[in-house]
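Data file: my_file.cif. Format and content: mmCIF, C-alpha atoms.
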data_input
loop_
_atom_site.label_atom_id
_atom_site.label_comp_id
_atom_site.auth_asym_id
_atom_site.auth_seq_id
_atom_site.Cartn_x
_atom_site.Cartn_y
_atom_site.Cartn_z
CA MET A 4 -4.47 -22.09 -17.44
CA PRO A 5 -2.96 -18.61 -17.90
CA THR A 6 0.74 -19.07 -18.60
CA THR A 7 2.26 -15.65 -19.28
CA TYR A 8 2.78 -12.76 -16.90
CA ASP A 9 0.11 -10.64 -18.59
CA SER A 10 -2.50 -13.41 -18.62
CA ILE A 11 -1.73 -14.56 -15.06
CA SER A 12 -1.77 -10.99 -13.78
CA ALA A 13 -5.11 -10.28 -15.48
CA PHE A 14 -6.62 -13.49 -14.09
CA LEU A 15 -5.50 -12.69 -10.55
CA GLN A 16 -6.59 -9.06 -10.72
CA ALA A 17 -10.04 -10.20 -11.79
CA HIS A 18 -10.19 -12.32 -8.62
CA GLN A 19 -8.59 -9.63 -6.42
CA VAL A 20 -5.64 -11.91 -5.64
CA THR A 21 -2.10 -10.61 -5.05
CA LEU A 22 0.71 -12.05 -7.16
CA VAL A 23 4.11 -12.65 -5.60
CA ALA A 24 6.61 -13.44 -8.35
CA VAL A 25 9.00 -16.07 -7.01
CA SER A 26 12.36 -14.88 -8.28
CA LYS A 27 14.70 -17.27 -6.43
CA THR A 28 17.79 -18.16 -8.50
CA LYS A 29 16.68 -15.75 -11.22
CA PRO A 30 18.95 -12.93 -12.49
CA ASP A 31 18.26 -9.27 -11.90
CA ALA A 32 17.40 -8.77 -15.57
CA ASP A 33 14.46 -11.18 -15.33
CA ILE A 34 13.16 -9.41 -12.25
CA LEU A 35 13.50 -6.01 -13.90
CA THR A 36 11.53 -7.24 -16.91
CA LEU A 37 8.51 -7.89 -14.67
CA TYR A 38 9.22 -4.73 -12.67
CA ALA A 39 8.89 -2.74 -15.90
CA LYS A 40 5.43 -4.27 -16.33
CA GLY A 41 4.42 -3.00 -12.90
CA GLN A 42 5.15 -6.05 -10.73
CA ARG A 43 6.35 -5.01 -7.26
CA ASP A 44 5.94 -8.11 -5.06
CA PHE A 45 8.78 -10.62 -5.34
CA GLY A 46 9.50 -13.70 -3.25
CA GLU A 47 12.80 -15.32 -2.27
CA ASN A 48 13.58 -18.37 -0.15
CA ARG A 49 17.24 -17.84 0.78
CA VAL A 50 18.35 -15.00 3.01
CA GLN A 51 21.72 -14.42 1.33
CA GLU A 52 20.23 -14.14 -2.16
CA LEU A 53 17.41 -11.98 -0.83
CA ARG A 54 19.87 -9.55 0.80
CA GLU A 55 21.95 -9.25 -2.34
CA LYS A 56 18.94 -8.54 -4.52
CA TYR A 57 17.57 -6.03 -2.04
CA GLU A 58 20.84 -4.10 -2.23
CA ARG A 59 20.98 -4.08 -6.03
CA LEU A 60 17.39 -3.65 -7.14
CA PRO A 61 14.86 -0.79 -6.90
CA LYS A 62 13.90 0.08 -3.36
CA ASP A 63 10.16 0.15 -4.02
CA ILE A 64 10.14 -3.62 -4.55
CA ARG A 65 8.18 -5.40 -1.81
CA TRP A 66 10.32 -8.39 -0.81
CA HIS A 67 8.60 -11.47 0.61
CA MET A 68 10.55 -14.15 2.48
CA ILE A 69 8.74 -17.33 1.44
CA GLY A 70 11.26 -20.06 2.31
CA HIS A 71 12.16 -21.78 5.56
CA LEU A 72 13.79 -19.15 7.77
CA GLN A 73 16.35 -19.93 10.46
CA SER A 74 16.08 -17.82 13.60
CA ASN A 75 19.73 -16.76 13.45
CA LYS A 76 19.18 -15.16 10.03
CA VAL A 77 16.18 -12.99 10.89
CA LYS A 78 18.47 -10.10 11.86
CA TYR A 79 19.73 -9.76 8.28
CA ILE A 80 16.31 -8.98 6.80
CA ALA A 81 14.50 -7.42 9.78
CA PRO A 82 15.27 -3.78 8.84
CA TRP A 83 13.46 -3.88 5.48
CA ILE A 84 11.60 -7.13 4.73
CA TYR A 85 8.03 -6.48 3.53
CA MET A 86 6.50 -9.75 4.74
CA ILE A 87 7.66 -13.10 6.13
CA HIS A 88 5.41 -15.94 4.94
CA SER A 89 7.16 -18.82 6.66
CA ILE A 90 6.66 -18.41 10.41
CA ASP A 91 6.61 -22.10 11.34
CA THR A 92 7.61 -22.18 15.03
CA LEU A 93 6.99 -20.16 18.16
CA ASN A 94 10.74 -19.59 18.54
CA LEU A 95 10.92 -18.01 15.09
CA LEU A 96 7.97 -15.75 15.85
CA GLU A 97 9.66 -14.62 19.06
CA GLU A 98 12.91 -13.89 17.21
CA VAL A 99 11.16 -11.83 14.53
CA ASN A 100 9.46 -9.84 17.27
CA LYS A 101 12.81 -9.30 19.01
CA GLN A 102 14.63 -8.17 15.85
CA ALA A 103 11.75 -5.95 14.71
CA GLU A 104 11.83 -4.15 18.05
CA LYS A 105 15.50 -3.25 17.48
CA TYR A 106 14.54 -1.42 14.30
CA LYS A 107 11.33 0.05 15.75
CA ARG A 108 9.33 -1.88 13.17
CA VAL A 109 6.22 -4.00 13.12
CA ILE A 110 6.91 -6.79 10.61
CA PRO A 111 3.98 -8.32 8.71
CA CYS A 112 4.03 -12.12 8.99
CA LEU A 113 2.04 -15.17 7.96
CA LEU A 114 1.83 -18.36 9.99
CA GLN A 115 2.79 -21.39 7.93
CA LEU A 116 0.13 -24.07 8.21
CA HIS A 117 1.12 -27.70 7.59
CA ILE A 118 -1.59 -29.20 5.38
CA ALA A 119 0.43 -31.34 2.94
CA GLN A 120 0.95 -35.08 3.13
CA GLU A 121 4.72 -34.68 2.74
CA GLU A 122 6.53 -34.72 6.07
CA THR A 123 9.30 -32.56 4.59
CA LYS A 124 7.11 -29.47 4.62
CA PHE A 125 7.23 -27.19 7.65
CA GLY A 126 4.46 -25.50 9.59
CA PHE A 127 2.03 -25.47 12.49
CA ASP A 128 -0.90 -27.83 12.75
CA THR A 129 -4.34 -26.55 13.70
CA GLN A 130 -3.96 -27.38 17.40
CA GLU A 131 -0.63 -25.55 17.61
CA ILE A 132 -2.12 -22.43 16.03
CA ASP A 133 -5.02 -22.49 18.49
CA ALA A 134 -2.55 -22.79 21.37
CA LEU A 135 -0.55 -19.87 19.99
CA PHE A 136 -3.59 -17.63 20.33
CA ALA A 137 -4.42 -18.54 23.90
CA GLU A 138 -3.51 -14.93 24.63
CA ASP A 139 -3.76 -11.75 22.55
CA PRO A 140 -1.06 -11.92 19.83
CA GLU A 141 -0.72 -8.12 19.74
CA MET A 142 0.14 -8.08 23.43
CA ARG A 143 2.46 -11.06 23.21
CA PHE A 144 4.23 -10.01 19.99
CA PRO A 145 3.90 -6.21 19.72
CA HIS A 146 6.44 -5.94 16.88
CA VAL A 147 4.85 -8.62 14.71
CA ARG A 148 1.61 -8.20 12.80
CA ILE A 149 0.05 -11.54 11.88
CA HIS A 150 -1.70 -10.88 8.58
CA GLY A 151 -2.89 -14.41 7.93
CA LEU A 152 -1.82 -17.90 6.96
CA MET A 153 0.44 -19.50 4.38
CA ALA A 154 -0.01 -23.07 3.21
CA MET A 155 1.52 -25.37 0.61
CA ALA A 156 -0.57 -28.23 -0.69
CA THR A 157 0.85 -31.67 -1.43
CA ASN A 158 2.91 -31.78 -4.64
CA THR A 159 0.61 -34.07 -6.58
CA ASP A 160 -1.28 -34.31 -9.86
CA ASP A 161 -4.40 -35.31 -7.91
CA ALA A 162 -6.48 -32.13 -7.96
CA GLU A 163 -8.90 -33.51 -5.38
CA ILE A 164 -6.13 -33.77 -2.78
CA VAL A 165 -5.08 -30.18 -3.48
CA LYS A 166 -8.69 -28.97 -3.26
CA LYS A 167 -9.20 -30.76 0.06
CA GLU A 168 -6.03 -29.30 1.56
CA CYS A 169 -6.79 -25.78 0.34
CA ALA A 170 -10.29 -26.07 1.80
CA GLN A 171 -8.76 -27.10 5.12
CA ALA A 172 -6.56 -23.99 5.17
CA LYS A 173 -9.47 -21.73 4.17
CA ALA A 174 -11.66 -23.16 6.94
CA LEU A 175 -9.04 -22.35 9.59
CA PHE A 176 -8.43 -18.90 8.09
CA ASP A 177 -12.16 -18.13 8.19
CA ARG A 178 -12.47 -19.36 11.77
CA LEU A 179 -9.56 -17.21 12.98
CA GLN A 180 -10.91 -14.22 11.08
CA LYS A 181 -14.25 -14.57 12.89
CA THR A 182 -12.81 -15.22 16.36
CA ILE A 183 -9.27 -14.23 17.42
CA PHE A 184 -8.96 -11.58 14.69
CA ALA A 185 -12.59 -10.50 14.49
CA ASP A 186 -11.71 -6.85 15.07
CA LYS A 187 -8.37 -6.93 13.20
CA ASN A 188 -8.84 -5.79 9.60
CA TYR A 189 -5.21 -6.60 8.80
CA PHE A 190 -5.83 -10.36 9.15
CA ASN A 191 -6.76 -10.68 5.49
CA THR A 192 -4.11 -12.78 3.74
CA LEU A 193 -4.38 -16.46 2.82
CA SER A 194 -1.23 -17.28 0.88
CA MET A 195 -1.64 -20.53 -1.04
CA GLY A 196 -1.19 -21.58 -4.63
CA MET A 197 1.89 -21.90 -6.81
CA SER A 198 2.58 -22.45 -10.51
CA SER A 199 1.06 -25.92 -10.56
CA ASP A 200 -2.09 -25.29 -8.52
CA PHE A 201 -2.82 -21.57 -8.28
CA GLU A 202 -6.17 -21.79 -10.07
CA ILE A 203 -7.38 -24.39 -7.57
CA ALA A 204 -6.10 -22.24 -4.71
CA VAL A 205 -7.84 -19.12 -6.02
CA ALA A 206 -11.09 -21.04 -6.38
CA ALA A 207 -10.67 -22.20 -2.76
CA GLY A 208 -10.28 -18.64 -1.48
CA SER A 209 -6.59 -17.77 -1.70
CA THR A 210 -5.87 -14.04 -1.55
CA LEU A 211 -2.18 -14.32 -2.54
CA VAL A 212 -0.34 -16.76 -4.81
CA ARG A 213 3.38 -17.42 -5.20
CA ILE A 214 4.28 -18.14 -8.81
CA GLY A 215 7.77 -18.74 -10.16
CA SER A 216 8.28 -21.17 -13.03
CA LEU A 217 5.28 -19.99 -15.08
CA LEU A 218 6.70 -16.47 -15.01
CA PHE A 219 10.43 -17.09 -15.21
CA GLY A 220 10.77 -20.60 -16.64
CA GLU A 221 12.02 -23.68 -14.82
CA ARG A 222 14.92 -23.30 -12.39
CA HIS A 223 18.20 -24.95 -13.34
#
This entry written out as structure tokens:
Amino acid sequence: MPTTYDSISAFLQAHQVTLVAVSKTKPDADILTLYAKGQRDFGENRVQELREKYERLPKDIRWHMIGHLQSNKVKYIAPWIYMIHSIDTLNLLEEVNKQAEKYKRVIPCLLQLHIAQEETKFGFDTQEIDALFAEDPEMRFPHVRIHGLMAMATNTDDAEIVKKECAQAKALFDRLQKTIFADKNYFNTLSMGMSSDFEIAVAAGSTLVRIGSLLFGERH
């Protein structure tokens, strides 16, 4: 498995997969080290930390909100967030649309799909996603652009479980791409794979991975 930024980046570029460097809890200096190497996509999971880093760090960084997002905190990131990966309820989607309208923006979002065995993980199931698209999403949410799906596999050493769950997410992604979003070129992002399983996710068809500990070291 590639384990350094250069080797991971080269591996992902060869597979045409986007790398989001998960910088939560990490100091600015660590982020700037990767920034100097050309990394521009960074992911955070807490709104307060994300806001502080946005204010301090270079403005061409593309910030991704990857953690569970409370509706009452959307307003703090709506003016500038690059992408929200963790849309896990209809209410949250409606709030993002509402806040984006205030800033005359269309915010790129991913729908979080619940595929893991752990009940602690958030997200829609397949039936809920189908129900969400009973009407045209562009008409219903004109200030949100749904670019794809995000999924987190079960945290396990059993590679077969991870493969099965990634395949489940890819199957739904492919189906939506051929039906609801058949004429929407922007529906092109399947965000799955982290430090422990990104190679499996890439093999399964991931187009974006979220890697933290392999790049920055373990969080303390």
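The coordinates place atom CA of A:Leu211 at 16.9 Å from atom CA of A:Ile118.
Each of A:Tyr106, A:Trp83, A:Tyr8, A:Phe144 was checked against A:Trp66 using all atoms listed in the file; the smallest atom-to-atom distance is that of A:Trp83.
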Within 7 Å of stretch 187-200 of chain A, counting all atoms listed in the file, which residues qualify if same-chain residues fewer than 6 places away don't, as a short mmCIF file (atom, residue, chain, number, x, y, z; two decimals) with C-alpha atoms, keeping the file's coordinate frame?
data_model
loop_
_atom_site.label_atom_id
_atom_site.label_comp_id
_atom_site.auth_asym_id
_atom_site.auth_seq_id
_atom_site.Cartn_x
_atom_site.Cartn_y
_atom_site.Cartn_z
CA ILE A 149 0.05 -11.54 11.88
CA HIS A 150 -1.70 -10.88 8.58
CA GLY A 151 -2.89 -14.41 7.93
CA LEU A 152 -1.82 -17.90 6.96
CA MET A 153 0.44 -19.50 4.38
CA ALA A 154 -0.01 -23.07 3.21
CA MET A 155 1.52 -25.37 0.61
CA GLN A 180 -10.91 -14.22 11.08
CA SER A 209 -6.59 -17.77 -1.70
CA THR A 210 -5.87 -14.04 -1.55
CA LEU A 211 -2.18 -14.32 -2.54
CA VAL A 212 -0.34 -16.76 -4.81
CA ARG A 213 3.38 -17.42 -5.20
CA ILE A 214 4.28 -18.14 -8.81
CA GLY A 215 7.77 -18.74 -10.16
CA SER A 216 8.28 -21.17 -13.03
CA LEU A 217 5.28 -19.99 -15.08
#
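Note that the spacing between atom CA of A:Gly70 and atom CA of A:Glu163 amounts to 25.4 Å.
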For the contact check between stretch 51-107 of chain A and stretch 9-27 of chain A, emit one row per residue of stretch 51-107 of chain A within 9 Å, containing the shortest atom pair and the distance in Å rounded to one decimal, counting all atoms listed in the file, chain then rising number order, as JSON lines.
{"residue": "A:Glu52", "atom": "CA", "partner": "A:Lys27", "partner_atom": "CA", "distance": 7.7}
{"residue": "A:Leu53", "atom": "CA", "partner": "A:Lys27", "partner_atom": "CA", "distance": 8.2}
{"residue": "A:Trp66", "atom": "CA", "partner": "A:Val23", "partner_atom": "CA", "distance": 8.9}
{"residue": "A:His67", "atom": "CA", "partner": "A:Val23", "partner_atom": "CA", "distance": 7.8}
{"residue": "A:Ile69", "atom": "CA", "partner": "A:Val25", "partner_atom": "CA", "distance": 8.5}
Spatial neighbours of A:Gln120, max dist 10 Å, only C-alpha atoms, sep filter under 5 positions, as a PDB file with C-alpha atoms, in the frame of the given file:
ATOM      1  CA  ALA A 156      -0.570 -28.230  -0.690  1.00  0.00           C
ATOM      2  CA  THR A 157       0.850 -31.670  -1.430  1.00  0.00           C
ATOM      3  CA  ASN A 158       2.910 -31.780  -4.640  1.00  0.00           C
ATOM      4  CA  THR A 159       0.610 -34.070  -6.580  1.00  0.00           C
ATOM      5  CA  ILE A 164      -6.130 -33.770  -2.780  1.00  0.00           C
ATOM      6  CA  GLU A 168      -6.030 -29.300   1.560  1.00  0.00           C
TER       7      GLU A 168
END
- Task: Quick one: everything within 12 Å of A:Thr36, counting only C-alpha atoms, minus sequence neighbours fewer than 5 positions away in the same chain. Send it as a list in words.
- Result: Tyr8, Ala24, Ser26, Lys29, Pro30, Asp31, Gly41, Gln42, Arg43, Leu60, Leu218 and Phe219 of chain A
Given 8 Å of margin on each side, can you work out the centre and size in Å (one decimal) of an axis-aligned box holding every listed atom of stretch 87-96 of chain A, as lines of an AutoDock Vina configuration file?
center_x = 8.2
center_y = -17.6
center_z = 11.7
size_x = 21.5
size_y = 25.1
size_z = 29.6
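Remark: for A:Ile110, the closest of the candidate residues A:Lys166, A:Lys173, A:Arg143, A:His88 is A:His88 (distances computed over all atoms listed in the file).
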- Message: Going by the chain IDs and residue numbers used in this file, which residues fall under the PyMOL selection byres ((chain A and resi 183) around 10)? Write them as an MDAnalysis selection string.
- Response: chainID A and resid 133 136:140 178:182 184:187 190
- Message: With the PyMOL selection byres ((chain A and resi 126) around 6) as the selection, what would be picked from this file? Answer as a PyMOL selection string, please.
- Response: chain A and resi 91+115-117+125+127
- Task: Could you tell me which residues the PyMOL selection byres ((chain A and resi 65) around 9) grabs in this file, written as a ChimeraX atom specification?
- Result: /A:43-46,62-64,66-67,84-86
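Here atom CA of A:Val99 stands at a distance of 21.8 Å from atom CA of A:Phe176.
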- Determine, counting all atoms listed in the file, which protein, DNA and RNA residues have an atom within 9 Å of an atom of A:Ile80; residues of the same chain fewer than 6 positions away are not included. Present the result as a ChimeraX atom specification. /A:50,53-54,68
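With all atoms listed in the file as the basis for measurement, A:Ala81 is the residue among A:Met4, A:Ala170, A:Ala81, A:Val205 that approaches A:Arg108 most closely.
Every protein or nucleic acid residue with an atom no more than 7 Å from A:Ile90, counting all atoms listed in the file and leaving out same-chain residues fewer than 2 positions away, appears here: Ile87, His88, Thr92, Leu95, Leu96, Cys112, Leu113, Leu114 and Gln115 of chain A.
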Written selection (C-alpha atoms) as a PDB file, keeping the file's coordinate frame:
ATOM      1  CA  ILE A  87       7.660 -13.100   6.130  1.00  0.00           C
ATOM      2  CA  HIS A  88       5.410 -15.940   4.940  1.00  0.00           C
ATOM      3  CA  THR A  92       7.610 -22.180  15.030  1.00  0.00           C
ATOM      4  CA  LEU A  95      10.920 -18.010  15.090  1.00  0.00           C
ATOM      5  CA  LEU A  96       7.970 -15.750  15.850  1.00  0.00           C
ATOM      6  CA  CYS A 112       4.030 -12.120   8.990  1.00  0.00           C
ATOM      7  CA  LEU A 113       2.040 -15.170   7.960  1.00  0.00           C
ATOM      8  CA  LEU A 114       1.830 -18.360   9.990  1.00  0.00           C
ATOM      9  CA  GLN A 115       2.790 -21.390   7.930  1.00  0.00           C
TER      10      GLN A 115
END
- Note on the structure: Nearest to A:Thr28, restricted to all atoms listed in the file and choosing among A:Lys101, A:Arg49, A:Arg148, A:Lys40, comes out as A:Arg49
Please reconstruct the missing atoms of stretch 76-108 of chain A (target: N, CA and C atoms) and return them as an mmCIF file, in the coordinates of the input.
data_model
loop_
_atom_site.group_PDB
_atom_site.id
_atom_site.type_symbol
_atom_site.label_atom_id
_atom_site.label_comp_id
_atom_site.auth_asym_id
_atom_site.auth_seq_id
_atom_site.Cartn_x
_atom_site.Cartn_y
_atom_site.Cartn_z
ATOM 1 N N LYS A 76 19.051 -15.983 11.236
ATOM 2 C CA LYS A 76 19.180 -15.160 10.030
ATOM 3 C C LYS A 76 18.129 -14.045 9.947
ATOM 4 N N VAL A 77 17.228 -14.015 10.907
ATOM 5 C CA VAL A 77 16.180 -12.990 10.890
ATOM 6 C C VAL A 77 16.790 -11.587 10.921
ATOM 7 N N LYS A 78 17.870 -11.422 11.678
ATOM 8 C CA LYS A 78 18.470 -10.100 11.860
ATOM 9 C C LYS A 78 18.934 -9.467 10.550
ATOM 10 N N TYR A 79 19.223 -10.298 9.538
ATOM 11 C CA TYR A 79 19.730 -9.760 8.280
ATOM 12 C C TYR A 79 18.643 -9.124 7.425
ATOM 13 N N ILE A 80 17.388 -9.506 7.635
ATOM 14 C CA ILE A 80 16.310 -8.980 6.800
ATOM 15 C C ILE A 80 15.328 -8.117 7.595
ATOM 16 N N ALA A 81 15.460 -8.122 8.923
ATOM 17 C CA ALA A 81 14.500 -7.420 9.780
ATOM 18 C C ALA A 81 14.358 -5.920 9.472
ATOM 19 N N PRO A 82 15.425 -5.218 9.054
ATOM 20 C CA PRO A 82 15.270 -3.780 8.840
ATOM 21 C C PRO A 82 14.346 -3.399 7.676
ATOM 22 N N TRP A 83 14.145 -4.307 6.698
ATOM 23 C CA TRP A 83 13.460 -3.880 5.480
ATOM 24 C C TRP A 83 12.492 -4.903 4.876
ATOM 25 N N ILE A 84 12.444 -6.110 5.375
ATOM 26 C CA ILE A 84 11.600 -7.130 4.730
ATOM 27 C C ILE A 84 10.137 -6.666 4.731
ATOM 28 N N TYR A 85 9.427 -6.906 3.641
ATOM 29 C CA TYR A 85 8.030 -6.480 3.530
ATOM 30 C C TYR A 85 7.103 -7.442 4.266
ATOM 31 N N MET A 86 7.319 -8.747 4.063
ATOM 32 C CA MET A 86 6.500 -9.750 4.740
ATOM 33 C C MET A 86 7.254 -11.062 4.833
ATOM 34 N N ILE A 87 7.107 -11.755 5.959
ATOM 35 C CA ILE A 87 7.660 -13.100 6.130
ATOM 36 C C ILE A 87 6.497 -14.075 6.105
ATOM 37 N N HIS A 88 6.508 -14.983 5.115
ATOM 38 C CA HIS A 88 5.410 -15.940 4.940
ATOM 39 C C HIS A 88 5.595 -17.206 5.762
ATOM 40 N N SER A 89 6.809 -17.469 6.199
ATOM 41 C CA SER A 89 7.160 -18.820 6.660
ATOM 42 C C SER A 89 7.425 -18.905 8.160
ATOM 43 N N ILE A 90 6.555 -18.281 8.956
ATOM 44 C CA ILE A 90 6.660 -18.410 10.410
ATOM 45 C C ILE A 90 6.114 -19.797 10.784
ATOM 46 N N ASP A 91 7.021 -20.709 11.133
ATOM 47 C CA ASP A 91 6.610 -22.100 11.340
ATOM 48 C C ASP A 91 6.864 -22.632 12.748
ATOM 49 N N THR A 92 7.420 -21.786 13.640
ATOM 50 C CA THR A 92 7.610 -22.180 15.030
ATOM 51 C C THR A 92 7.409 -20.966 15.934
ATOM 52 N N LEU A 93 7.111 -21.236 17.178
ATOM 53 C CA LEU A 93 6.990 -20.160 18.160
ATOM 54 C C LEU A 93 8.314 -19.454 18.351
ATOM 55 N N ASN A 94 9.415 -20.206 18.361
ATOM 56 C CA ASN A 94 10.740 -19.590 18.540
ATOM 57 C C ASN A 94 11.042 -18.589 17.434
ATOM 58 N N LEU A 95 10.675 -18.925 16.207
ATOM 59 C CA LEU A 95 10.920 -18.010 15.090
ATOM 60 C C LEU A 95 10.068 -16.744 15.239
ATOM 61 N N LEU A 96 8.838 -16.902 15.647
ATOM 62 C CA LEU A 96 7.970 -15.750 15.850
ATOM 63 C C LEU A 96 8.546 -14.817 16.919
ATOM 64 N N GLU A 97 9.054 -15.406 17.987
ATOM 65 C CA GLU A 97 9.660 -14.620 19.060
ATOM 66 C C GLU A 97 10.905 -13.878 18.576
ATOM 67 N N GLU A 98 11.688 -14.521 17.718
ATOM 68 C CA GLU A 98 12.910 -13.890 17.210
ATOM 69 C C GLU A 98 12.577 -12.741 16.263
ATOM 70 N N VAL A 99 11.579 -12.922 15.419
ATOM 71 C CA VAL A 99 11.160 -11.830 14.530
ATOM 72 C C VAL A 99 10.687 -10.646 15.363
ATOM 73 N N ASN A 100 9.929 -10.903 16.393
ATOM 74 C CA ASN A 100 9.460 -9.840 17.270
ATOM 75 C C ASN A 100 10.639 -9.104 17.920
ATOM 76 N N LYS A 101 11.620 -9.866 18.362
ATOM 77 C CA LYS A 101 12.810 -9.300 19.010
ATOM 78 C C LYS A 101 13.606 -8.421 18.041
ATOM 79 N N GLN A 102 13.845 -8.922 16.826
ATOM 80 C CA GLN A 102 14.630 -8.170 15.850
ATOM 81 C C GLN A 102 13.868 -6.953 15.343
ATOM 82 N N ALA A 103 12.564 -7.080 15.168
ATOM 83 C CA ALA A 103 11.750 -5.950 14.710
ATOM 84 C C ALA A 103 11.782 -4.820 15.733
ATOM 85 N N GLU A 104 11.783 -5.173 17.001
ATOM 86 C CA GLU A 104 11.830 -4.150 18.050
ATOM 87 C C GLU A 104 13.109 -3.326 17.950
ATOM 88 N N LYS A 105 14.227 -3.964 17.606
ATOM 89 C CA LYS A 105 15.500 -3.250 17.480
ATOM 90 C C LYS A 105 15.425 -2.144 16.441
ATOM 91 N N TYR A 106 14.634 -2.384 15.394
ATOM 92 C CA TYR A 106 14.540 -1.420 14.300
ATOM 93 C C TYR A 106 13.250 -0.598 14.372
ATOM 94 N N LYS A 107 12.575 -0.698 15.533
ATOM 95 C CA LYS A 107 11.330 0.050 15.750
ATOM 96 C C LYS A 107 10.328 -0.199 14.619
ATOM 97 N N ARG A 108 10.238 -1.478 14.243
ATOM 98 C CA ARG A 108 9.330 -1.880 13.170
ATOM 99 C C ARG A 108 8.256 -2.820 13.708
#
